[in-house]
>>> print(open('run.pdb').read())   # PDB, C-alpha atoms
ATOM      1  CA  MET W  27      32.990 146.295 108.495
ATOM      2  CA  ILE W  28      32.086 149.296 106.345
ATOM      3  CA  PHE W  29      28.958 147.587 105.000
ATOM      4  CA  ALA W  30      27.815 146.623 108.498
ATOM      5  CA  ALA W  31      28.369 150.183 109.732
ATOM      6  CA  LEU W  32      26.436 151.653 106.802
ATOM      7  CA  ALA W  33      23.576 149.195 107.249
ATOM      8  CA  LEU W  34      23.425 149.916 110.964
ATOM      9  CA  ALA W  35      23.529 153.667 110.427
ATOM     10  CA  ALA W  36      20.698 153.436 107.892
ATOM     11  CA  ALA W  37      18.559 151.068 109.962
ATOM     12  CA  PRO W  38      15.587 152.510 111.833
ATOM     13  CA  LEU W  39      16.656 151.972 115.446
ATOM     14  CA  ASP W  40      13.885 153.953 117.057
ATOM     15  CA  THR W  41      12.666 151.016 119.124
ATOM     16  CA  PRO W  42      14.700 148.798 121.440
ATOM     17  CA  GLN W  43      13.487 145.768 119.477
ATOM     18  CA  ALA W  44      14.822 147.242 116.232
ATOM     19  CA  ALA W  45      18.131 148.062 117.922
ATOM     20  CA  ILE W  46      18.554 144.473 119.171
ATOM     21  CA  MET W  47      17.669 143.108 115.725
ATOM     22  CA  ALA W  48      20.280 145.414 114.140
ATOM     23  CA  ILE W  49      22.913 144.409 116.723
ATOM     24  CA  TYR W  50      22.478 140.732 115.830
ATOM     25  CA  ALA W  51      21.850 141.138 112.074
ATOM     26  CA  PRO W  52      25.542 140.636 111.114
ATOM     27  CA  PHE W  53      25.511 137.197 112.799
ATOM     28  CA  ARG W  54      23.054 136.000 110.170
ATOM     29  CA  ARG W  55      25.736 136.376 107.474
ATOM     30  CA  ALA W  56      28.407 133.733 106.980
ATOM     31  CA  ASP W  57      30.960 136.408 106.034
ATOM     32  CA  MET W  58      30.666 138.476 109.234
ATOM     33  CA  HIS W  59      34.157 139.121 110.609
ATOM     34  CA  ASP W  60      33.764 142.437 112.437
ATOM     35  CA  ALA W  61      34.660 142.564 116.091
ATOM     36  CA  ALA W  62      31.883 143.922 118.279
ATOM     37  CA  TRP W  63      34.103 146.768 119.506
ATOM     38  CA  GLU W  64      34.533 148.007 115.909
ATOM     39  CA  ARG W  65      30.827 148.579 115.352
ATOM     40  CA  PRO W  66      29.009 151.922 115.864
ATOM     41  CA  ILE W  67      26.562 150.526 118.420
ATOM     42  CA  PHE W  68      27.946 151.957 121.673
ATOM     43  CA  THR W  69      27.322 155.222 123.502
ATOM     44  CA  PRO W  70      30.106 157.818 123.303
ATOM     45  CA  ARG W  71      31.188 157.161 126.902
ATOM     46  CA  LEU W  72      31.434 153.398 126.322
ATOM     47  CA  THR W  73      33.178 154.031 122.989
ATOM     48  CA  ALA W  74      35.765 156.118 124.873
ATOM     49  CA  LEU W  75      36.450 153.225 127.286
ATOM     50  CA  ILE W  76      36.766 150.832 124.342
ATOM     51  CA  ALA W  77      39.282 153.192 122.678
ATOM     52  CA  LYS W  78      41.376 153.324 125.881
ATOM     53  CA  TRP W  79      41.359 149.524 126.081
ATOM     54  CA  ARG W  80      42.251 149.119 122.376
ATOM     55  CA  ALA W  81      45.170 151.526 122.811
ATOM     56  CA  VAL W  82      46.838 149.177 125.326
ATOM     57  CA  THR W  83      45.614 145.760 124.138
ATOM     58  CA  PRO W  84      48.592 143.400 123.739
ATOM     59  CA  THR W  85      49.430 142.590 120.118
ATOM     60  CA  ASP W  86      51.220 139.312 120.885
ATOM     61  CA  GLU W  87      48.533 137.635 123.018
ATOM     62  CA  VAL W  88      44.852 137.855 123.888
ATOM     63  CA  ASP W  89      43.541 139.562 126.993
ATOM     64  CA  ASP W  90      40.294 139.002 128.884
ATOM     65  CA  LEU W  91      38.219 140.867 126.284
ATOM     66  CA  SER W  92      39.771 140.043 122.939
ATOM     67  CA  ASP W  93      39.323 136.272 122.784
ATOM     68  CA  PHE W  94      35.536 136.110 122.280
ATOM     69  CA  ASP W  95      32.703 138.027 120.681
ATOM     70  CA  TRP W  96      31.006 140.263 123.221
ATOM     71  CA  LEU W  97      27.559 140.035 121.638
ATOM     72  CA  CYS W  98      27.264 136.250 121.485
ATOM     73  CA  GLN W  99      29.643 135.495 124.377
ATOM     74  CA  CYS W 100      31.291 132.928 122.106
ATOM     75  CA  GLN W 101      34.220 132.395 119.778
ATOM     76  CA  ASP W 102      32.347 130.632 116.982
ATOM     77  CA  TRP W 103      28.762 130.598 115.757
ATOM     78  CA  ASP W 104      26.770 129.348 112.801
ATOM     79  CA  ALA W 105      25.318 132.029 110.546
ATOM     80  CA  GLY W 106      21.711 132.460 111.570
ATOM     81  CA  GLY W 107      22.184 130.256 114.599
ATOM     82  CA  LEU W 108      21.958 132.714 117.497
ATOM     83  CA  HIS W 109      18.170 133.100 117.540
ATOM     84  CA  GLU W 110      18.075 136.212 119.718
ATOM     85  CA  ARG W 111      14.871 136.773 121.642
ATOM     86  CA  ILE W 112      13.978 139.664 123.912
ATOM     87  CA  THR W 113      12.729 138.224 127.187
ATOM     88  CA  GLY W 114      12.535 141.375 129.295
ATOM     89  CA  LEU W 115      12.324 145.125 128.990
ATOM     90  CA  ARG W 116      12.673 147.517 131.939
ATOM     91  CA  ARG W 117      12.837 151.289 131.958
ATOM     92  CA  LEU W 118      15.840 152.546 133.960
ATOM     93  CA  GLY W 119      15.088 156.235 133.605
ATOM     94  CA  ARG W 120      14.456 158.781 130.928
ATOM     95  CA  GLY W 121      15.996 157.500 127.705
ATOM     96  CA  ARG W 122      17.468 154.395 129.373
ATOM     97  CA  LEU W 123      16.328 150.783 129.175
ATOM     98  CA  ARG W 124      17.497 147.365 130.283
ATOM     99  CA  VAL W 125      16.752 144.790 127.604
ATOM    100  CA  THR W 126      17.215 141.129 128.460
ATOM    101  CA  VAL W 127      18.066 138.956 125.466
ATOM    102  CA  SER W 128      18.216 135.182 125.316
ATOM    103  CA  LEU W 129      20.462 133.654 122.663
ATOM    104  CA  GLY W 130      19.839 130.078 121.572
ATOM    105  CA  LYS W 131      23.421 129.396 120.459
ATOM    106  CA  ALA W 132      23.068 125.632 119.971
ATOM    107  CA  PRO W 133      20.495 122.969 120.828
ATOM    108  CA  GLY W 134      20.185 122.976 124.594
ATOM    109  CA  ARG W 135      22.641 125.885 125.042
ATOM    110  CA  HIS W 136      21.663 129.483 125.549
ATOM    111  CA  GLU W 137      23.183 132.675 126.835
ATOM    112  CA  VAL W 138      21.379 135.521 128.582
ATOM    113  CA  LEU W 139      22.617 139.078 128.096
ATOM    114  CA  ARG W 140      21.250 142.240 129.694
ATOM    115  CA  PHE W 141      21.842 145.314 127.564
ATOM    116  CA  GLU W 142      21.637 148.776 129.068
ATOM    117  CA  LEU W 143      20.526 150.919 126.168
ATOM    118  CA  GLN W 144      20.556 154.695 126.038
ATOM    119  CA  ARG W 145      18.601 156.801 123.613
ATOM    120  CA  ALA W 146      20.744 158.983 121.353
ATOM    121  CA  GLY W 147      18.519 160.959 118.995
ATOM    122  CA  ASP W 148      16.454 158.387 117.122
ATOM    123  CA  ARG W 149      18.761 155.465 118.010
ATOM    124  CA  TRP W 150      19.253 153.181 120.984
ATOM    125  CA  LEU W 151      22.940 152.592 121.760
ATOM    126  CA  ILE W 152      24.597 150.113 124.117
ATOM    127  CA  ASP W 153      25.829 151.741 127.330
ATOM    128  CA  ASP W 154      26.688 148.487 129.125
ATOM    129  CA  ILE W 155      26.265 144.733 128.758
ATOM    130  CA  HIS W 156      25.866 142.273 131.619
ATOM    131  CA  ALA W 157      26.646 138.678 130.649
ATOM    132  CA  SER W 158      28.671 135.677 131.763
ATOM    133  CA  GLY W 159      31.854 137.008 130.133
ATOM    134  CA  PHE W 160      31.679 140.365 131.920
ATOM    135  CA  LYS W 161      32.013 140.248 135.692
ATOM    136  CA  GLY W 162      30.203 143.403 136.828
ATOM    137  CA  GLY W 163      29.316 144.339 133.234
ATOM    138  CA  LEU W 164      31.238 145.337 130.121
ATOM    139  CA  ARG W 165      32.093 148.777 131.489
ATOM    140  CA  ALA W 166      33.687 147.319 134.645
ATOM    141  CA  THR W 167      35.462 144.622 132.629
ATOM    142  CA  LEU W 168      36.893 147.239 130.254
ATOM    143  CA  LEU W 169      38.295 149.200 133.210
ATOM    144  CA  ARG W 170      39.856 146.084 134.806
ATOM    145  CA  THR W 171      41.241 144.724 131.540
ATOM    146  CA  THR W 172      42.699 148.091 130.533
ATOM    147  CA  ALA W 173      44.442 148.354 133.911
ATOM    148  CA  ALA W 174      45.767 144.782 133.580
ATOM    149  CA  ASP W 175      47.021 145.454 130.046
ATOM    150  CA  ILE W 176      48.796 148.612 131.216
ATOM    151  CA  ALA W 177      50.394 146.698 134.105
ATOM    152  CA  LEU W 178      51.512 143.974 131.673
ATOM    153  CA  ARG W 179      53.140 146.579 129.411
ATOM    154  CA  ARG W 180      54.995 148.125 132.346
ATOM    155  CA  SER W 181      56.294 144.735 133.514
ATOM    156  CA  ARG W 182      57.931 143.945 130.180
TER     157      ARG W 182
END
>>> encode(input="run.pdb", output="structure tokens")
Amino acid sequence: MIFAALALAAAPLDTPQAAIMAIYAPFRRADMHDAAWERPIFTPRLTALIAKWRAVTPTDEVDDLSDFDWLCQCQDWDAGGLHERITGLRRLGRGRLRVTVSLGKAPGRHEVLRFELQRAGDRWLIDDIHASGFKGGLRATLLRTTAADIALRRSR
């Protein structure tokens, strides 16, 4: 995890294309074991939601967010096998973009993710992700899952 964080911090992320390449770079290594939520690729406000969720995540079972990788929308992948490709780019406002990425996870299978990126200095950071595993987006799913995890704790 430390090496991935250092590589990401040192990478030139001044374009959305470079940011997407850096986000998926760890998937090209067979020894990648970092969870997406542990990486320094999110805006501070999304990082705060992730921290709230992690604080209440059950330790004895998986919840709706901890049983798959958020960036590939999968549990397993082959190193170098995601083949990310930007298929759309839309400006959402000053310093905000929506980047649509197609992942070719296996022959005949692909996943489409829409990243909302926000400029932070010379970097583009993830502010939300819309994909099949996130009903209403990652931000909304974090809020729902955190509330469900809290309710589960209270019921025990």
>>> residues_near_point(input="run.pdb", point="(30.9, 149.0, 134.3)", cutoff="12 Å", atoms="all atoms listed in the file", output="list in words")
Arg71, Leu72, Leu75, Ile76, Phe141, Glu142, Asp153, Asp154, Ile155, His156, Ala157, Phe160, Lys161, Gly162, Gly163, Leu164, Arg165, Ala166, Thr167, Leu168, Leu169, Arg170 and Thr171 of chain W
>>> residues_around(input="run.pdb", residues="Ala61 of chain W", least_positions_apart="2", cutoff="10 Å", atoms="all atoms listed in the file", output="list of chain:residue names")
W:Met27, W:Met58, W:His59, W:Trp63, W:Glu64, W:Arg65, W:Ser92, W:Phe94, W:Asp95, W:Trp96, W:Leu97
>>> closest_residue(input="run.pdb", among="W:Ser158, W:Gln43, W:Gln144, W:Thr73", to="Arg111 of chain W", atoms="only C-alpha atoms")
W:Gln43
>>> resolve_selection(input="run.pdb", expression="the PyMOL selection byres ((chain W and resi 42) around 12)", output="number ranges by chain")
W: 38-41, 43-49, 112, 114-117, 121-127, 141-146, 148-152
>>> atom_distance(input="run.pdb", atom1="atom CA of Glu110 of chain W", atom2="atom CA of Ile67 of chain W")
16.7 Å
>>> closest_residue(input="run.pdb", among="W:Leu108, W:Ala81, W:Gly119, W:Asp102", to="Ala51 of chain W", atoms="only C-alpha atoms")
W:Leu108
>>> resolve_selection(input="run.pdb", expression="the PyMOL selection byres ((chain W and resi 89) around 12)", output="JSON, numbers by chain")
{"W": [79, 80, 82, 83, 84, 85, 86, 87, 88, 90, 91, 92, 93, 94, 167, 168, 170, 171, 172, 173, 174, 175, 176, 178]}
>>> atom_distance(input="run.pdb", atom1="atom CA of Asp57 of chain W", atom2="atom CA of Glu137 of chain W")
22.5 Å
>>> atom_distance(input="run.pdb", atom1="atom CA of Phe53 of chain W", atom2="atom CA of Thr113 of chain W")
19.3 Å
>>> axis_aligned_box(input="run.pdb", around="segment 142-158 of chain W", padding_each_side="6 Å", output="JSON")
{"center_x": 22.6, "center_y": 148.3, "center_z": 124.4, "size_x": 24.2, "size_y": 37.3, "size_z": 26.6}
>>> closest_residue(input="run.pdb", among="W:His109, W:Arg180, W:Arg120, W:Arg135", to="Tyr50 of chain W", atoms="only C-alpha atoms")
W:His109
